[in-house]
Every structure is written in structure tokens, then in C-alpha cells.
Amino acid sequence: MKLSPSKINAFLLFNLPSAYFTGVRVKSISENTCTTTVKHRWINQNPFKSVFWAVQGMAAELSTGAMVMAAIKVSNKNISMLVANNKGTFSKKARGRIIFECKDGQLIKTAIETAINSGEGQTCWMKSEGRDSSGDLVSTFEFEWTVKVK
């Protein structure tokens, strides 16, 4: 059974409640792309009246991690996943609804296939860009995912 936005969002409620209660949601997921959103609200703001950087990070990480989970599910193997490193850059205050998109699904699929075939852990950098309702770039996050067959 495929992962859907509603299944992932329910997973958030029970396993990552801080992301859920700050408004992070998956809007769409496919084999190659995942889109998440978060809206500026009182519960997720910083003192400068914009979305707190860590909330943006949760939305960005989810846009990459959901595709990692989906690719692992498709592989039908017992594979561990973990973020080893991350980088974030901020170019504008995050106000209103911020949409994060990752288009690196093929990269993680290749890393998982290599891990299965070689029996060795693999790493993969995945990028997520956050844009506001005007389409302006607000922040960019990169996550180094590690995958290993158990």
C-alpha cells in the first residue's frame, strides 16, 4: 500500500506531535517529489513575527524524509534511515503559508538500491526549497540521509 498525505499526517500526530501541532503537513507525494506546507501562526512564530527556523526545518525535513520512507516501503526490505547532517539558509522572512518542495526522489531510490545490492550503508543529500505565496524563496534546507539494510 502506498503512502498518502493523510497517512503521513496521521503518522505525524502520533509520532512527531511537535511537527503536527505547529502546522506542518504533507500536501502531495509521488515517487520523485514531495510537497509540505506550514502556515505562520502564533504557535510557530519567532519574536520577529515569522515562522521559527526550526519549524521551517521540520517542514523541509518532512518533504525529504517522506520520500525516504516511501522508497523504503517500496523496497520491501528492512532498512534504517537517519539524518546525518543538515544545512539551512534563509533568504526572507517566512510569513503566510510556506510551501516546501523536494524533487530528489530518484536520488534516494538509487541510494536504497545500492544499499540493498552492496549490503553497505549509503548516504544521499536531498534538498528542499521553501517558498511563500508570492513564489519568493524563503529558505533552503539540505539533509544528508543515511540508509542501511538491517
# chains A, B, ... in the order shown; residues from 1 in each chain; ligands from 1
>>> closest_atom_pairs(of="stretch 51-98 of chain A", to="stretch 13-34 of chain A", cutoff="9 Å", atoms="only C-alpha atoms", output="CSV")
residue,atom,partner,partner_atom,distance
A:Val55,CA,A:Thr22,CA,7.1
A:Gln56,CA,A:Val24,CA,8.5
A:Met58,CA,A:Ala19,CA,6.4
A:Ala59,CA,A:Val24,CA,5.6
A:Leu62,CA,A:Val26,CA,7.7
A:Ser63,CA,A:Cys34,CA,5.2
A:Thr64,CA,A:Cys34,CA,7.0
A:Ala66,CA,A:Cys34,CA,7.3
A:Met67,CA,A:Cys34,CA,6.7
A:Ala70,CA,A:Glu31,CA,7.8
A:Ala71,CA,A:Glu31,CA,7.6
>>> write_last_selection(atoms="N, CA and C atoms", output="short mmCIF file (atom, residue, chain, number, x, y, z; two decimals), in the first residue's frame")
data_model
loop_
_atom_site.label_atom_id
_atom_site.label_comp_id
_atom_site.auth_asym_id
_atom_site.auth_seq_id
_atom_site.Cartn_x
_atom_site.Cartn_y
_atom_site.Cartn_z
N VAL A 55 10.76 25.23 12.82
CA VAL A 55 9.50 24.76 12.21
C VAL A 55 9.69 24.65 10.70
N GLN A 56 10.39 25.61 10.12
CA GLN A 56 10.70 25.50 8.69
C GLN A 56 11.54 24.25 8.44
N MET A 58 11.49 21.47 10.16
CA MET A 58 10.65 20.28 10.26
C MET A 58 9.88 20.05 8.96
N ALA A 59 9.34 21.13 8.38
CA ALA A 59 8.59 21.01 7.13
C ALA A 59 9.52 20.58 5.99
N LEU A 62 10.56 16.90 6.47
CA LEU A 62 9.46 16.00 6.13
C LEU A 62 9.33 15.83 4.62
N SER A 63 9.59 16.90 3.86
CA SER A 63 9.48 16.78 2.39
C SER A 63 10.53 15.82 1.83
N THR A 64 11.65 15.68 2.52
CA THR A 64 12.66 14.72 2.08
C THR A 64 12.41 13.35 2.72
N ALA A 66 9.73 11.92 3.93
CA ALA A 66 8.56 11.16 3.48
C ALA A 66 8.90 10.33 2.24
N MET A 67 9.73 10.90 1.36
CA MET A 67 10.14 10.13 0.18
C MET A 67 11.09 9.00 0.55
N ALA A 70 8.81 6.31 1.84
CA ALA A 70 8.08 5.70 0.74
C ALA A 70 8.98 4.76 -0.07
N ALA A 71 10.21 5.18 -0.33
CA ALA A 71 11.15 4.34 -1.10
C ALA A 71 11.52 3.08 -0.33
#
>>> select_by_dssp(residues="stretch 24-147 of chain A", states="alpha helix (DSSP H)", output="JSON, numbers by chain")
{"A": [53, 54, 55, 56, 57, 58, 59, 60, 61, 62, 63, 64, 65, 66, 67, 68, 69, 70, 71, 72, 73, 74, 75, 105, 106, 107, 108, 109, 110, 111, 112, 113, 114, 115, 116, 117, 118]}
>>> atom_distance(atom1="atom CA of A:Gly105", atom2="atom CA of A:Ser6")
19.3 Å
>>> atom_distance(atom1="atom CA of A:Gly130", atom2="atom CA of A:Gly57")
9.6 Å
>>> residues_around(residues="A:Ile108", least_positions_apart="2", cutoff="9 Å", atoms="only C-alpha atoms", output="mmCIF file with N, CA, C and O atoms, in the first residue's frame")
data_model
loop_
_atom_site.group_PDB
_atom_site.id
_atom_site.type_symbol
_atom_site.label_atom_id
_atom_site.label_comp_id
_atom_site.auth_asym_id
_atom_site.auth_seq_id
_atom_site.Cartn_x
_atom_site.Cartn_y
_atom_site.Cartn_z
ATOM 1 N N MET A 67 9.728 10.899 1.362
ATOM 2 C CA MET A 67 10.136 10.126 0.179
ATOM 3 C C MET A 67 11.091 8.999 0.550
ATOM 4 O O MET A 67 11.058 7.941 -0.077
ATOM 5 N N VAL A 68 11.921 9.210 1.570
ATOM 6 C CA VAL A 68 12.793 8.128 2.046
ATOM 7 C C VAL A 68 11.927 6.990 2.576
ATOM 8 O O VAL A 68 12.137 5.823 2.225
ATOM 9 N N ALA A 71 10.213 5.182 -0.331
ATOM 10 C CA ALA A 71 11.147 4.339 -1.102
ATOM 11 C C ALA A 71 11.516 3.085 -0.325
ATOM 12 O O ALA A 71 11.651 2.005 -0.904
ATOM 13 N N ASP A 104 13.985 15.261 -5.131
ATOM 14 C CA ASP A 104 15.125 14.349 -5.168
ATOM 15 C C ASP A 104 14.768 12.890 -4.914
ATOM 16 O O ASP A 104 15.599 12.118 -4.432
ATOM 17 N N GLY A 105 13.563 12.487 -5.244
ATOM 18 C CA GLY A 105 13.145 11.114 -5.007
ATOM 19 C C GLY A 105 14.006 10.081 -5.706
ATOM 20 O O GLY A 105 14.266 9.005 -5.163
ATOM 21 N N GLN A 106 14.481 10.399 -6.891
ATOM 22 C CA GLN A 106 15.312 9.451 -7.634
ATOM 23 C C GLN A 106 16.652 9.232 -6.927
ATOM 24 O O GLN A 106 17.195 8.128 -6.943
ATOM 25 N N THR A 110 17.965 5.488 -5.733
ATOM 26 C CA THR A 110 19.252 4.941 -6.153
ATOM 27 C C THR A 110 20.102 4.538 -4.950
ATOM 28 O O THR A 110 20.722 3.468 -4.944
ATOM 29 N N ALA A 111 20.112 5.376 -3.902
ATOM 30 C CA ALA A 111 20.888 5.064 -2.698
ATOM 31 C C ALA A 111 20.369 3.794 -2.024
ATOM 32 O O ALA A 111 21.161 2.956 -1.566
ATOM 33 N N ILE A 112 19.064 3.634 -1.983
ATOM 34 C CA ILE A 112 18.486 2.428 -1.371
ATOM 35 C C ILE A 112 18.813 1.194 -2.198
ATOM 36 O O ILE A 112 19.184 0.149 -1.658
ATOM 37 N N GLU A 113 18.703 1.283 -3.512
ATOM 38 C CA GLU A 113 19.061 0.155 -4.378
ATOM 39 C C GLU A 113 20.521 -0.234 -4.196
ATOM 40 O O GLU A 113 20.854 -1.420 -4.118
ATOM 41 N N THR A 123 24.757 7.108 1.720
ATOM 42 C CA THR A 123 24.287 8.439 2.079
ATOM 43 C C THR A 123 23.764 9.144 0.838
ATOM 44 O O THR A 123 24.151 8.819 -0.286
ATOM 45 N N CYS A 124 22.896 10.101 1.076
ATOM 46 C CA CYS A 124 22.267 10.821 -0.025
ATOM 47 C C CYS A 124 21.872 12.211 0.467
ATOM 48 O O CYS A 124 21.175 12.333 1.470
ATOM 49 N N TRP A 125 22.339 13.249 -0.209
ATOM 50 C CA TRP A 125 21.925 14.613 0.109
ATOM 51 C C TRP A 125 20.657 14.945 -0.661
ATOM 52 O O TRP A 125 20.594 14.747 -1.873
ATOM 53 N N MET A 126 19.655 15.442 0.057
ATOM 54 C CA MET A 126 18.385 15.835 -0.562
ATOM 55 C C MET A 126 18.096 17.291 -0.195
ATOM 56 O O MET A 126 18.300 17.700 0.947
ATOM 57 N N TRP A 145 20.816 12.050 4.220
ATOM 58 C CA TRP A 145 20.150 10.857 4.728
ATOM 59 C C TRP A 145 21.102 9.673 4.627
ATOM 60 O O TRP A 145 21.793 9.514 3.618
ATOM 61 N N VAL A 147 21.069 5.468 4.753
ATOM 62 C CA VAL A 147 20.209 4.280 4.690
ATOM 63 C C VAL A 147 21.085 3.042 4.782
ATOM 64 O O VAL A 147 22.183 3.009 4.211
#
>>> closest_residue(among="A:Glu120, A:Phe141, A:Lys92, A:Met81", to="A:Val51", atoms="only C-alpha atoms")
A:Lys92
>>> closest_residue(among="A:Leu82, A:Arg95, A:Lys103, A:Phe90", to="A:Thr146", atoms="only C-alpha atoms")
A:Leu82
>>> closest_residue(among="A:Lys109, A:Glu142, A:Asp132, A:Leu12", to="A:Val74", atoms="only C-alpha atoms")
A:Lys109
>>> residues_around(residues="A:Gly135", least_positions_apart="2", cutoff="12 Å", atoms="only C-alpha atoms", output="number ranges by chain")
A: 92, 94, 96-101, 129-133, 137-139
>>> write_last_selection(atoms="all heavy atoms", output="compact mmCIF listing (two decimals), in the first residue's frame")
# COMPACT_ATOMS: atom_id res chain seq x y z
N LYS A 92 14.59 35.20 3.32
CA LYS A 92 13.49 36.13 3.50
C LYS A 92 12.68 35.69 4.71
O LYS A 92 12.64 34.50 5.03
CB LYS A 92 12.61 36.12 2.24
CG LYS A 92 11.48 37.11 2.25
CD LYS A 92 10.67 37.04 0.96
CE LYS A 92 9.47 37.94 1.09
NZ LYS A 92 8.59 37.85 -0.07
N ALA A 94 9.76 34.31 6.77
CA ALA A 94 8.73 33.34 6.39
C ALA A 94 7.40 33.78 7.00
O ALA A 94 7.16 33.61 8.19
CB ALA A 94 9.11 31.95 6.89
N GLY A 96 3.00 33.99 6.26
CA GLY A 96 1.93 33.37 5.48
C GLY A 96 2.17 31.88 5.35
O GLY A 96 2.79 31.25 6.21
N ARG A 97 1.68 31.29 4.27
CA ARG A 97 1.87 29.87 4.03
C ARG A 97 3.17 29.65 3.27
O ARG A 97 3.41 30.26 2.23
CB ARG A 97 0.70 29.28 3.24
CG ARG A 97 0.84 27.77 3.03
CD ARG A 97 -0.41 27.12 2.52
NE ARG A 97 -1.57 27.34 3.35
CZ ARG A 97 -1.86 26.66 4.47
NH1 ARG A 97 -1.04 25.73 4.90
NH2 ARG A 97 -2.94 26.93 5.16
N ILE A 98 4.00 28.75 3.79
CA ILE A 98 5.27 28.41 3.15
C ILE A 98 5.16 26.99 2.61
O ILE A 98 4.72 26.08 3.31
CB ILE A 98 6.45 28.50 4.15
CG1 ILE A 98 6.45 29.84 4.90
CG2 ILE A 98 7.77 28.26 3.43
CD1 ILE A 98 6.53 31.07 4.02
N ILE A 99 5.53 26.83 1.36
CA ILE A 99 5.46 25.53 0.68
C ILE A 99 6.88 25.04 0.44
O ILE A 99 7.68 25.72 -0.21
CB ILE A 99 4.70 25.65 -0.65
CG1 ILE A 99 3.27 26.14 -0.40
CG2 ILE A 99 4.72 24.32 -1.41
CD1 ILE A 99 2.54 26.56 -1.65
N PHE A 100 7.18 23.86 0.99
CA PHE A 100 8.49 23.24 0.80
C PHE A 100 8.35 22.12 -0.23
O PHE A 100 7.41 21.32 -0.16
CB PHE A 100 9.03 22.66 2.11
CG PHE A 100 9.51 23.72 3.05
CD1 PHE A 100 8.64 24.31 3.95
CD2 PHE A 100 10.83 24.14 3.01
CE1 PHE A 100 9.08 25.30 4.80
CE2 PHE A 100 11.27 25.14 3.86
CZ PHE A 100 10.40 25.72 4.77
N GLU A 101 9.29 22.09 -1.15
CA GLU A 101 9.25 21.05 -2.19
C GLU A 101 10.63 20.42 -2.34
O GLU A 101 11.64 21.12 -2.43
CB GLU A 101 8.79 21.65 -3.52
CG GLU A 101 8.61 20.59 -4.59
CD GLU A 101 8.01 21.15 -5.86
OE1 GLU A 101 8.45 22.24 -6.29
OE2 GLU A 101 7.11 20.51 -6.40
N GLU A 129 13.30 23.29 -0.95
CA GLU A 129 13.19 24.74 -1.02
C GLU A 129 11.84 25.19 -0.51
O GLU A 129 10.82 24.62 -0.89
CB GLU A 129 13.39 25.24 -2.45
CG GLU A 129 14.79 25.01 -2.97
CD GLU A 129 15.00 25.56 -4.37
OE1 GLU A 129 14.02 25.71 -5.12
OE2 GLU A 129 16.17 25.85 -4.69
N GLY A 130 11.85 26.23 0.34
CA GLY A 130 10.61 26.79 0.87
C GLY A 130 10.30 28.11 0.20
O GLY A 130 11.15 29.00 0.15
N ARG A 131 9.09 28.23 -0.30
CA ARG A 131 8.65 29.46 -0.99
C ARG A 131 7.36 29.98 -0.37
O ARG A 131 6.52 29.19 0.07
CB ARG A 131 8.46 29.20 -2.48
CG ARG A 131 9.76 28.78 -3.15
CD ARG A 131 9.62 28.65 -4.66
NE ARG A 131 10.88 28.24 -5.24
CZ ARG A 131 11.85 29.08 -5.60
NH1 ARG A 131 11.70 30.38 -5.44
NH2 ARG A 131 12.99 28.63 -6.11
N ASP A 132 7.21 31.29 -0.37
CA ASP A 132 5.99 31.89 0.14
C ASP A 132 4.93 31.95 -0.96
O ASP A 132 5.15 31.49 -2.08
CB ASP A 132 6.26 33.26 0.77
CG ASP A 132 6.79 34.30 -0.22
OD1 ASP A 132 6.69 34.10 -1.45
OD2 ASP A 132 7.33 35.32 0.26
N SER A 133 3.78 32.55 -0.64
CA SER A 133 2.66 32.56 -1.60
C SER A 133 2.98 33.38 -2.85
O SER A 133 2.33 33.20 -3.88
CB SER A 133 1.40 33.08 -0.93
OG SER A 133 1.63 34.37 -0.42
N LEU A 137 11.68 32.71 -2.71
CA LEU A 137 12.43 31.75 -1.91
C LEU A 137 12.62 32.29 -0.50
O LEU A 137 13.12 33.40 -0.32
CB LEU A 137 13.78 31.45 -2.56
CG LEU A 137 14.64 30.38 -1.90
CD1 LEU A 137 13.96 29.01 -2.01
CD2 LEU A 137 16.01 30.34 -2.55
N VAL A 138 12.20 31.52 0.49
CA VAL A 138 12.29 31.91 1.90
C VAL A 138 13.47 31.20 2.56
O VAL A 138 14.24 31.81 3.28
CB VAL A 138 10.97 31.58 2.63
CG1 VAL A 138 11.10 31.77 4.12
CG2 VAL A 138 9.83 32.42 2.08
N SER A 139 13.58 29.89 2.32
CA SER A 139 14.67 29.12 2.92
C SER A 139 14.96 27.88 2.08
O SER A 139 14.09 27.39 1.35
CB SER A 139 14.34 28.73 4.36
OG SER A 139 13.15 27.99 4.42
>>> select_by_dssp(residues="stretch 4-147 of chain A", states="strand (DSSP E or B)", output="MDAnalysis selection string")
chainID A and resid 25:29 34:39 45 51 79:90 97:102 122:131 137:147
>>> write_last_selection(atoms="C-alpha atoms", output="JSON list (two decimals), in the first residue's frame")
[["chain", "number", "residue", "atom", "x", "y", "z"],
["A", 25, "ARG", "CA", 1.53, 18.94, 6.74],
["A", 26, "VAL", "CA", 2.27, 16.85, 3.66],
["A", 27, "LYS", "CA", 0.23, 18.11, 0.70],
["A", 28, "SER", "CA", 1.43, 15.74, -2.02],
["A", 29, "ILE", "CA", 3.87, 12.90, -2.51],
["A", 34, "CYS", "CA", 7.09, 15.68, -2.07],
["A", 35, "THR", "CA", 5.43, 18.95, -1.05],
["A", 36, "THR", "CA", 4.84, 20.05, 2.53],
["A", 37, "THR", "CA", 3.36, 23.23, 3.94],
["A", 38, "VAL", "CA", 3.34, 25.23, 7.11],
["A", 39, "LYS", "CA", 1.39, 28.42, 7.81],
["A", 45, "GLN", "CA", 6.38, 32.11, 15.27],
["A", 51, "VAL", "CA", 7.88, 31.19, 11.12],
["A", 79, "ILE", "CA", 16.14, -0.55, 6.09],
["A", 80, "SER", "CA", 17.12, 2.00, 8.70],
["A", 81, "MET", "CA", 17.12, 5.72, 7.91],
["A", 82, "LEU", "CA", 18.74, 8.61, 9.74],
["A", 83, "VAL", "CA", 19.71, 12.22, 9.09],
["A", 84, "ALA", "CA", 23.50, 12.52, 9.44],
["A", 85, "ASN", "CA", 23.87, 16.22, 8.53],
["A", 86, "ASN", "CA", 21.81, 19.18, 7.51],
["A", 87, "LYS", "CA", 22.30, 22.72, 6.22],
["A", 88, "GLY", "CA", 19.88, 25.60, 6.16],
["A", 89, "THR", "CA", 19.95, 29.02, 4.52],
["A", 90, "PHE", "CA", 17.38, 31.76, 4.96],
["A", 97, "ARG", "CA", 1.87, 29.87, 4.03],
["A", 98, "ILE", "CA", 5.27, 28.41, 3.15],
["A", 99, "ILE", "CA", 5.46, 25.53, 0.68],
["A", 100, "PHE", "CA", 8.49, 23.24, 0.80],
["A", 101, "GLU", "CA", 9.25, 21.05, -2.19],
["A", 102, "CYS", "CA", 11.84, 18.32, -2.64],
["A", 122, "GLN", "CA", 24.73, 4.68, 1.75],
["A", 123, "THR", "CA", 24.29, 8.44, 2.08],
["A", 124, "CYS", "CA", 22.27, 10.82, -0.03],
["A", 125, "TRP", "CA", 21.93, 14.61, 0.11],
["A", 126, "MET", "CA", 18.38, 15.84, -0.56],
["A", 127, "LYS", "CA", 17.36, 19.49, -0.97],
["A", 128, "SER", "CA", 14.08, 21.18, -0.06],
["A", 129, "GLU", "CA", 13.19, 24.74, -1.02],
["A", 130, "GLY", "CA", 10.61, 26.79, 0.87],
["A", 131, "ARG", "CA", 8.65, 29.46, -0.99],
["A", 137, "LEU", "CA", 12.43, 31.75, -1.91],
["A", 138, "VAL", "CA", 12.29, 31.91, 1.90],
["A", 139, "SER", "CA", 14.67, 29.12, 2.92],
["A", 140, "THR", "CA", 16.62, 26.19, 1.54],
["A", 141, "PHE", "CA", 17.47, 23.08, 3.53],
["A", 142, "GLU", "CA", 19.69, 20.16, 2.63],
["A", 143, "PHE", "CA", 19.63, 16.86, 4.51],
["A", 144, "GLU", "CA", 22.17, 14.06, 4.31],
["A", 145, "TRP", "CA", 20.15, 10.86, 4.73],
["A", 146, "THR", "CA", 21.85, 7.57, 5.59],
["A", 147, "VAL", "CA", 20.21, 4.28, 4.69]]
>>> closest_residue(among="A:Lys2, A:Ser50, A:Ser134, A:Asn117", to="A:Lys73", atoms="only C-alpha atoms")
A:Lys2
>>> decode(residues="stretch 131-144 of chain A", atoms="all heavy atoms", output="CSV table (one decimal), in the first residue's frame")
chain,number,residue,atom,x,y,z
A,131,ARG,N,9.1,28.2,-0.3
A,131,ARG,CA,8.7,29.5,-1.0
A,131,ARG,C,7.4,30.0,-0.4
A,131,ARG,O,6.5,29.2,0.1
A,131,ARG,CB,8.5,29.2,-2.5
A,131,ARG,CG,9.8,28.8,-3.2
A,131,ARG,CD,9.6,28.7,-4.7
A,131,ARG,NE,10.9,28.2,-5.2
A,131,ARG,CZ,11.9,29.1,-5.6
A,131,ARG,NH1,11.7,30.4,-5.4
A,131,ARG,NH2,13.0,28.6,-6.1
A,132,ASP,N,7.2,31.3,-0.4
A,132,ASP,CA,6.0,31.9,0.1
A,132,ASP,C,4.9,32.0,-1.0
A,132,ASP,O,5.2,31.5,-2.1
A,132,ASP,CB,6.3,33.3,0.8
A,132,ASP,CG,6.8,34.3,-0.2
A,132,ASP,OD1,6.7,34.1,-1.4
A,132,ASP,OD2,7.3,35.3,0.3
A,133,SER,N,3.8,32.5,-0.6
A,133,SER,CA,2.7,32.6,-1.6
A,133,SER,C,3.0,33.4,-2.9
A,133,SER,O,2.3,33.2,-3.9
A,133,SER,CB,1.4,33.1,-0.9
A,133,SER,OG,1.6,34.4,-0.4
A,134,SER,N,4.0,34.3,-2.8
A,134,SER,CA,4.4,35.0,-4.0
A,134,SER,C,5.4,34.3,-4.8
A,134,SER,O,5.8,34.7,-5.9
A,134,SER,CB,5.0,36.3,-3.5
A,134,SER,OG,4.1,37.1,-2.8
A,135,GLY,N,5.8,33.1,-4.3
A,135,GLY,CA,6.8,32.3,-5.1
A,135,GLY,C,8.2,32.7,-4.7
A,135,GLY,O,9.2,32.2,-5.3
A,136,ASP,N,8.4,33.6,-3.7
A,136,ASP,CA,9.8,34.0,-3.3
A,136,ASP,C,10.4,33.0,-2.5
A,136,ASP,O,9.8,32.4,-1.6
A,136,ASP,CB,9.7,35.3,-2.6
A,136,ASP,CG,9.3,36.5,-3.4
A,136,ASP,OD1,9.4,36.5,-4.7
A,136,ASP,OD2,8.7,37.5,-2.9
A,137,LEU,N,11.7,32.7,-2.7
A,137,LEU,CA,12.4,31.7,-1.9
A,137,LEU,C,12.6,32.3,-0.5
A,137,LEU,O,13.1,33.4,-0.3
A,137,LEU,CB,13.8,31.5,-2.6
A,137,LEU,CG,14.6,30.4,-1.9
A,137,LEU,CD1,14.0,29.0,-2.0
A,137,LEU,CD2,16.0,30.3,-2.6
A,138,VAL,N,12.2,31.5,0.5
A,138,VAL,CA,12.3,31.9,1.9
A,138,VAL,C,13.5,31.2,2.6
A,138,VAL,O,14.2,31.8,3.3
A,138,VAL,CB,11.0,31.6,2.6
A,138,VAL,CG1,11.1,31.8,4.1
A,138,VAL,CG2,9.8,32.4,2.1
A,139,SER,N,13.6,29.9,2.3
A,139,SER,CA,14.7,29.1,2.9
A,139,SER,C,15.0,27.9,2.1
A,139,SER,O,14.1,27.4,1.4
A,139,SER,CB,14.3,28.7,4.4
A,139,SER,OG,13.1,28.0,4.4
A,140,THR,N,16.2,27.4,2.2
A,140,THR,CA,16.6,26.2,1.5
A,140,THR,C,17.3,25.3,2.6
A,140,THR,O,18.1,25.8,3.3
A,140,THR,CB,17.6,26.5,0.4
A,140,THR,OG1,17.0,27.4,-0.5
A,140,THR,CG2,18.0,25.2,-0.3
A,141,PHE,N,16.9,24.0,2.6
A,141,PHE,CA,17.5,23.1,3.5
A,141,PHE,C,18.0,21.9,2.7
A,141,PHE,O,17.4,21.5,1.7
A,141,PHE,CB,16.4,22.5,4.5
A,141,PHE,CG,16.0,23.5,5.6
A,141,PHE,CD1,15.0,24.5,5.4
A,141,PHE,CD2,16.7,23.5,6.8
A,141,PHE,CE1,14.7,25.3,6.4
A,141,PHE,CE2,16.3,24.4,7.8
A,141,PHE,CZ,15.3,25.3,7.6
A,142,GLU,N,19.1,21.4,3.2
A,142,GLU,CA,19.7,20.2,2.6
A,142,GLU,C,19.9,19.2,3.8
A,142,GLU,O,20.4,19.5,4.8
A,142,GLU,CB,21.0,20.4,1.9
A,142,GLU,CG,20.9,21.4,0.7
A,142,GLU,CD,22.2,21.7,0.1
A,142,GLU,OE1,22.9,20.8,-0.4
A,142,GLU,OE2,22.6,22.9,0.2
A,143,PHE,N,19.5,17.9,3.5
A,143,PHE,CA,19.6,16.9,4.5
A,143,PHE,C,20.4,15.7,3.9
A,143,PHE,O,20.2,15.3,2.8
A,143,PHE,CB,18.2,16.4,4.9
A,143,PHE,CG,17.4,17.4,5.6
A,143,PHE,CD1,16.6,18.2,4.8
A,143,PHE,CD2,17.5,17.7,6.9
A,143,PHE,CE1,15.8,19.2,5.4
A,143,PHE,CE2,16.8,18.7,7.5
A,143,PHE,CZ,15.9,19.4,6.8
A,144,GLU,N,21.4,15.2,4.7
A,144,GLU,CA,22.2,14.1,4.3
A,144,GLU,C,21.5,12.9,5.0
A,144,GLU,O,21.7,12.7,6.2
A,144,GLU,CB,23.6,14.2,4.7
A,144,GLU,CG,24.4,13.0,4.3
A,144,GLU,CD,25.9,13.0,4.8
A,144,GLU,OE1,26.2,13.7,5.8
A,144,GLU,OE2,26.7,12.4,4.1
